[in-house]
Each structure stands twice: as C-alpha cells, then as structure tokens.
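Presented below is the structure to which this report refers.
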Amino acid sequence: MDTGLSQTKLRENVFVWTLGGDRIETSYGANCTAVIGRQAVLLVDPLIAPAHARLVENALSAVTPLPVRFVVLTHHHTDHALGAAWFGSRGATVVAHRACQEAMAAEHPALIRSRRRIPGLAELFADAKPCLPSLDFEEGVLTLDLGGCVARVVHPGPGHTAGDSVVHLEEESVTICGDLVSAGYHVNYEDAAIESLETGLAVLRDLQTRSYVPGHGAVGGRHLLDDQLEYHRAAAGARGSDSSRPRHPLHARFPGYLLEEVIGS
Ligand SMILES: [Zn+2]
C-alpha cells in the first residue's frame, strides 16, 4: 500500500514516517514516530491534519495490529499537532505539556478556520478539529508503559516553544526531540525562548541516546545536536539581517536547507 509516507525503521519497535518536503500539503516534512510495545502503541506528533494522520494509521497497520493508546505532542505547532484529533476520536489519550495545551486552545480554532478559507487547503483541513489533550503535565517526567517498553515524556524547559516535550526511550536508546532539533531545515523561532535553546540541547545530550529523531529531517546521532547548536549561533549572529534578501547569512551558511519561509522568524 503506498501511503506517500517515507518510512524509517529505527528499531524493531520504533518507526518514523514523513511526507518530506517543506510545504503545508506535506506537513512541512514533519516526522511522526511510532513506539510499539507488547500491548499498545504510542505515537509522537501525528502530522498536520486528520488526512495525514490516517496515512500514518495505514502505515502503522502494516507493522502492528495493536491500537494507538497514546499520542504525545512535542509542541503545539500545527504540523505536529493537528493530526491528534483523529486518534483522539478513536480512543487514544493525547498527552501534552500544560503550556502546549494552552497554546493549542488559543491558536488552533482560528488557524483551522483560516486554512479552510484558502481554496487549495480547504480539502486538507475539511475535517480538522481542535483537539484538547486529555492528559497534561507540567513538571517532572511522565512515564508511559506500553508493555515491555517504557516511554518517558520529559519537559526540557521552554525552548522551541514554552510547552516542549521530548520522548526518551531508554531501552531503545532513542530520543524523539520535536523541533528542538531540525536536520536540514531552517528553524522557526517565532515562539522560541531564544536564551534557553542551548539548555534544551544540553538536556538532550545528557540523555546520551544512540539516536535522535528531529522534528524535521533525517534521524541521526549526537552530531545532530552539534549541528543545531551551530545553526542557533549562526542565527543569533544573523538576527536583524533582511530576511527577504537571497543573500541572507543563513542561506549562505546553510545552503540547501528546506523551509526557507521561516528565516524571517
Ligand atoms: Zn515547531
């Protein structure tokens, strides 16, 4: 079955799917990750709309008959979060940090309405619904047991957004980073706590996993954290540059990076 998704089998029980590219019609290339336990499945960031969430559901059914019990949102940006309503309506518990929930409630209804008014996007967002997560946390670590597999949901502090979460799989040696890490994509800083971004990367580094799943782009090792740090420092140096110019320093420094539309952020 061709779902249009490209699949990375990261471990026997961990899969990453993406539609690639950097357009809204492909969820801006966001990554959705499935963690499969003996009794249940946890999904992280089920893309931008129910239609894309259903592609994930189809791809998942090819690798396990188990139901999705948990959906964890790494942050409120729609390319990661709006697909959650689909799995929520089918009985999954949607998990997000308190600040993520607040941003979803404040921003998503208007964003969905405005996208439905754009002819080219109306169909993709036709059945999109704001989703109110049913499980939230603020401090500390939330532990979710999938049967023979444990996922730890960690708030590394404000970073890409105020309500960031990352998912740590100790046994599998995998960290699912959300947009605290992007690989080959420019970074959207519009909701970022700029001064805390390096701290967030240090938290990820301390987890010392073999693999890191970025919010966008290919899975990699610890070098993804080094690359992201270099990007943040270059972006700090370039702040105030005219983002409409093709010779913006970030274009020159990171040629070929996708998602150029966020450079102005
Ligand atoms: Zn984001």
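Letters A, B, ... mark the chains of the structure tokens in the order given; residue numbers begin at 1 per chain; ligand numbers begin at 1, in order shown.
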Legend entry - Exercise: Arg233 (chain A) partners within 12 Å, only C-alpha atoms, chain neighbours under 2 positions left out, as a PyMOL selection string: chain A and resi 187+194-195+197-198+226-231+235-239+249-250+253
Inset, instruction - Could you give me, as number ranges by chain, each residue of region 22-189 of chain A that DSSP assigns to alpha helix (DSSP H) when run on this structure's backbone? - result: A: 50-61, 78-81, 84-88, 98-116, 119-122
Inset, instruction - May I ask which of the residues A:Gly163, A:Gly37, A:Pro130, A:Gly4 is the closest one to ligand 1, counting only C-alpha atoms and all ligand atoms? - result: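 Between A:Gly163, A:Gly37, A:Pro130, A:Gly4, the residue approaching ligand 1 most closely is A:Gly163.
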Can you build me a table of region 136-155 of chain A residues sitting at most 10 Å from region 61-79 of chain A, with the closest atom pair per residue and its distance in Å to one decimal, using only C-alpha atoms, sorted by chain and residue number, as JSON lines?
{"residue": "A:Asp136", "atom": "CA", "partner": "A:Val72", "partner_atom": "CA", "distance": 9.9}
{"residue": "A:Leu144", "atom": "CA", "partner": "A:Phe70", "partner_atom": "CA", "distance": 8.4}
{"residue": "A:Asp145", "atom": "CA", "partner": "A:Phe70", "partner_atom": "CA", "distance": 10.0}
{"residue": "A:Leu146", "atom": "CA", "partner": "A:Arg69", "partner_atom": "CA", "distance": 8.4}
{"residue": "A:Val153", "atom": "CA", "partner": "A:Val72", "partner_atom": "CA", "distance": 8.1}
{"residue": "A:Val154", "atom": "CA", "partner": "A:Thr74", "partner_atom": "CA", "distance": 9.5}
{"residue": "A:His155", "atom": "CA", "partner": "A:Thr74", "partner_atom": "CA", "distance": 9.1}
Put those residues in a file: all heavy atoms, as a PDB file, in the first residue's frame.
ATOM      1  N   ASP A 136      -2.274  16.008  30.821  1.00  0.00           N
ATOM      2  CA  ASP A 136      -1.240  17.032  30.755  1.00  0.00           C
ATOM      3  C   ASP A 136      -0.273  16.865  31.912  1.00  0.00           C
ATOM      4  O   ASP A 136      -0.508  16.105  32.849  1.00  0.00           O
ATOM      5  CB  ASP A 136      -1.824  18.447  30.715  1.00  0.00           C
ATOM      6  CG  ASP A 136      -2.446  18.871  32.036  1.00  0.00           C
ATOM      7  OD1 ASP A 136      -2.388  18.097  33.013  1.00  0.00           O
ATOM      8  OD2 ASP A 136      -2.995  19.966  32.098  1.00  0.00           O
ATOM      9  N   LEU A 144       5.104   6.376  30.559  1.00  0.00           N
ATOM     10  CA  LEU A 144       4.012   5.655  29.909  1.00  0.00           C
ATOM     11  C   LEU A 144       4.486   4.239  29.589  1.00  0.00           C
ATOM     12  O   LEU A 144       5.500   4.043  28.914  1.00  0.00           O
ATOM     13  CB  LEU A 144       3.595   6.380  28.623  1.00  0.00           C
ATOM     14  CG  LEU A 144       3.158   7.842  28.804  1.00  0.00           C
ATOM     15  CD1 LEU A 144       2.930   8.511  27.446  1.00  0.00           C
ATOM     16  CD2 LEU A 144       1.896   7.929  29.659  1.00  0.00           C
ATOM     17  N   ASP A 145       3.722   3.250  30.096  1.00  0.00           N
ATOM     18  CA  ASP A 145       4.097   1.848  29.933  1.00  0.00           C
ATOM     19  C   ASP A 145       3.294   1.243  28.780  1.00  0.00           C
ATOM     20  O   ASP A 145       2.066   1.230  28.807  1.00  0.00           O
ATOM     21  CB  ASP A 145       3.792   1.116  31.253  1.00  0.00           C
ATOM     22  CG  ASP A 145       4.353  -0.290  31.256  1.00  0.00           C
ATOM     23  OD1 ASP A 145       4.764  -0.786  30.177  1.00  0.00           O
ATOM     24  OD2 ASP A 145       4.379  -0.897  32.345  1.00  0.00           O
ATOM     25  N   LEU A 146       4.016   0.746  27.776  1.00  0.00           N
ATOM     26  CA  LEU A 146       3.351   0.171  26.601  1.00  0.00           C
ATOM     27  C   LEU A 146       3.386  -1.356  26.628  1.00  0.00           C
ATOM     28  O   LEU A 146       2.965  -2.005  25.680  1.00  0.00           O
ATOM     29  CB  LEU A 146       4.038   0.674  25.319  1.00  0.00           C
ATOM     30  CG  LEU A 146       4.194   2.193  25.212  1.00  0.00           C
ATOM     31  CD1 LEU A 146       4.998   2.559  23.974  1.00  0.00           C
ATOM     32  CD2 LEU A 146       2.835   2.873  25.192  1.00  0.00           C
ATOM     33  N   VAL A 153       8.199  10.883  29.030  1.00  0.00           N
ATOM     34  CA  VAL A 153       7.928  12.178  28.418  1.00  0.00           C
ATOM     35  C   VAL A 153       8.533  13.247  29.318  1.00  0.00           C
ATOM     36  O   VAL A 153       8.203  13.333  30.502  1.00  0.00           O
ATOM     37  CB  VAL A 153       6.408  12.417  28.255  1.00  0.00           C
ATOM     38  CG1 VAL A 153       6.149  13.696  27.474  1.00  0.00           C
ATOM     39  CG2 VAL A 153       5.749  11.220  27.572  1.00  0.00           C
ATOM     40  N   VAL A 154       9.432  14.030  28.759  1.00  0.00           N
ATOM     41  CA  VAL A 154      10.234  14.971  29.538  1.00  0.00           C
ATOM     42  C   VAL A 154      10.003  16.390  29.027  1.00  0.00           C
ATOM     43  O   VAL A 154      10.014  16.626  27.808  1.00  0.00           O
ATOM     44  CB  VAL A 154      11.744  14.623  29.389  1.00  0.00           C
ATOM     45  CG1 VAL A 154      12.604  15.595  30.198  1.00  0.00           C
ATOM     46  CG2 VAL A 154      12.022  13.181  29.781  1.00  0.00           C
ATOM     47  N   HIS A 155       9.802  17.314  29.944  1.00  0.00           N
ATOM     48  CA  HIS A 155       9.760  18.745  29.576  1.00  0.00           C
ATOM     49  C   HIS A 155      11.149  19.320  29.841  1.00  0.00           C
ATOM     50  O   HIS A 155      11.548  19.453  30.999  1.00  0.00           O
ATOM     51  CB  HIS A 155       8.699  19.466  30.412  1.00  0.00           C
ATOM     52  CG  HIS A 155       8.705  20.948  30.253  1.00  0.00           C
ATOM     53  ND1 HIS A 155       8.598  21.561  29.026  1.00  0.00           N
ATOM     54  CD2 HIS A 155       8.824  21.945  31.160  1.00  0.00           C
ATOM     55  CE1 HIS A 155       8.649  22.882  29.191  1.00  0.00           C
ATOM     56  NE2 HIS A 155       8.790  23.137  30.469  1.00  0.00           N
TER      57      HIS A 155
END
Inset, instruction - Could you check which of A:Arg116, A:His80, A:Arg54, A:Arg205 is closest to ligand 1, using only C-alpha atoms and all ligand atoms? - result: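 Of the candidates, the smallest distance to ligand 1 is held by A:His80.
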Where does chain A meet ligand 1 within 12 Å, residue by residue, with the nearest atom pair and distance in Å to one decimal for each, counting only C-alpha atoms and all ligand atoms, listed by chain and rising number, as CSV?
residue,atom,partner,partner_atom_place_in_ligand_line,distance
A:Ser27,CA,ligand 1,1 (Zn),11.1
A:Tyr28,CA,ligand 1,1 (Zn),9.9
A:Gly29,CA,ligand 1,1 (Zn),11.2
A:Ala30,CA,ligand 1,1 (Zn),8.9
A:Asn31,CA,ligand 1,1 (Zn),11.1
A:Asp45,CA,ligand 1,1 (Zn),10.6
A:Leu47,CA,ligand 1,1 (Zn),11.3
A:Ile48,CA,ligand 1,1 (Zn),11.3
A:Leu73,CA,ligand 1,1 (Zn),10.7
A:Thr74,CA,ligand 1,1 (Zn),8.6
A:His75,CA,ligand 1,1 (Zn),6.7
A:His76,CA,ligand 1,1 (Zn),7.3
A:His77,CA,ligand 1,1 (Zn),5.0
A:Thr78,CA,ligand 1,1 (Zn),7.9
A:Asp79,CA,ligand 1,1 (Zn),7.4
A:His80,CA,ligand 1,1 (Zn),7.3
A:Ala81,CA,ligand 1,1 (Zn),9.6
A:Cys100,CA,ligand 1,1 (Zn),11.3
A:Gly159,CA,ligand 1,1 (Zn),10.3
A:His160,CA,ligand 1,1 (Zn),6.7
A:Thr161,CA,ligand 1,1 (Zn),7.5
A:Ala162,CA,ligand 1,1 (Zn),11.1
A:Gly163,CA,ligand 1,1 (Zn),10.9
A:Asp164,CA,ligand 1,1 (Zn),9.4
A:Ser165,CA,ligand 1,1 (Zn),11.5
A:Cys177,CA,ligand 1,1 (Zn),10.8
A:Gly178,CA,ligand 1,1 (Zn),7.3
A:Asp179,CA,ligand 1,1 (Zn),5.1
A:Leu180,CA,ligand 1,1 (Zn),8.1
A:Val181,CA,ligand 1,1 (Zn),9.6
A:Ser182,CA,ligand 1,1 (Zn),9.4
A:Tyr185,CA,ligand 1,1 (Zn),11.2
A:His186,CA,ligand 1,1 (Zn),10.7
A:Val187,CA,ligand 1,1 (Zn),8.0
A:Asn188,CA,ligand 1,1 (Zn),6.4
A:Tyr189,CA,ligand 1,1 (Zn),8.3
A:Glu190,CA,ligand 1,1 (Zn),9.0
A:Asp191,CA,ligand 1,1 (Zn),8.4
A:Ala192,CA,ligand 1,1 (Zn),9.1
A:Pro214,CA,ligand 1,1 (Zn),10.8
A:Gly215,CA,ligand 1,1 (Zn),7.5
A:His216,CA,ligand 1,1 (Zn),9.1
A:Leu259,CA,ligand 1,1 (Zn),11.5
A:Val262,CA,ligand 1,1 (Zn),10.4
A:Ser265,CA,ligand 1,1 (Zn),11.7
Legend entry - Arg113 (chain A) surroundings by only C-alpha atoms, 12 Å radius, close-in-sequence under 5 positions cut, as a list of chain:residue names: A:Glu107, A:His108, A:Ile118, A:Leu121, A:Ala122, A:Phe125, A:Ala126, A:Asp127, A:Ala128, A:Lys129, A:Pro130
Inset, instruction - For Ser211 (chain A), work out the shell of residues within 9 Å, counting only C-alpha atoms and skipping chain neighbours fewer than 4 positions away, then give it as a list in words. - result: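 Residues meeting the cut-off are Leu10, Glu172, Ser173, Val174, Thr175, Ile176, Val219, Gly220, Gly221 and Arg222 of chain A.
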Would you mind exporting the chosen residues as a PDB file, in the first residue's frame, restricted to C-alpha atoms?
ATOM      1  CA  LEU A  10      14.785   2.865  13.522  1.00  0.00           C
ATOM      2  CA  GLU A 172      15.885   1.535  22.672  1.00  0.00           C
ATOM      3  CA  SER A 173      18.427   4.387  23.135  1.00  0.00           C
ATOM      4  CA  VAL A 174      16.279   6.826  21.172  1.00  0.00           C
ATOM      5  CA  THR A 175      15.222  10.421  21.897  1.00  0.00           C
ATOM      6  CA  ILE A 176      12.349  11.985  19.955  1.00  0.00           C
ATOM      7  CA  VAL A 219      17.298  10.694  12.067  1.00  0.00           C
ATOM      8  CA  GLY A 220      20.910  10.796  13.279  1.00  0.00           C
ATOM      9  CA  GLY A 221      23.275  10.550  16.201  1.00  0.00           C
ATOM     10  CA  ARG A 222      24.631  13.137  18.597  1.00  0.00           C
TER      11      ARG A 222
END
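In this comparison, which uses only C-alpha atoms, the residue of A:Asp242, A:Met104, A:Leu60, A:Glu123 approaching Lys9 (chain A) most closely is A:Leu60.
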Inset, instruction - One decimal, Å: what's the distance from CA of Gly20 (chain A) over to CA of Glu170 (chain A), could you say? - result: 27.3 Å
Inset, instruction - Mind listing the strand (DSSP E or B) residues of region 135-224 of chain A, per DSSP on the backbone, as a PyMOL selection string? - result: chain A and resi 135-137+141-145+150-154+166-169+174-176+182+185+211-213+216+220
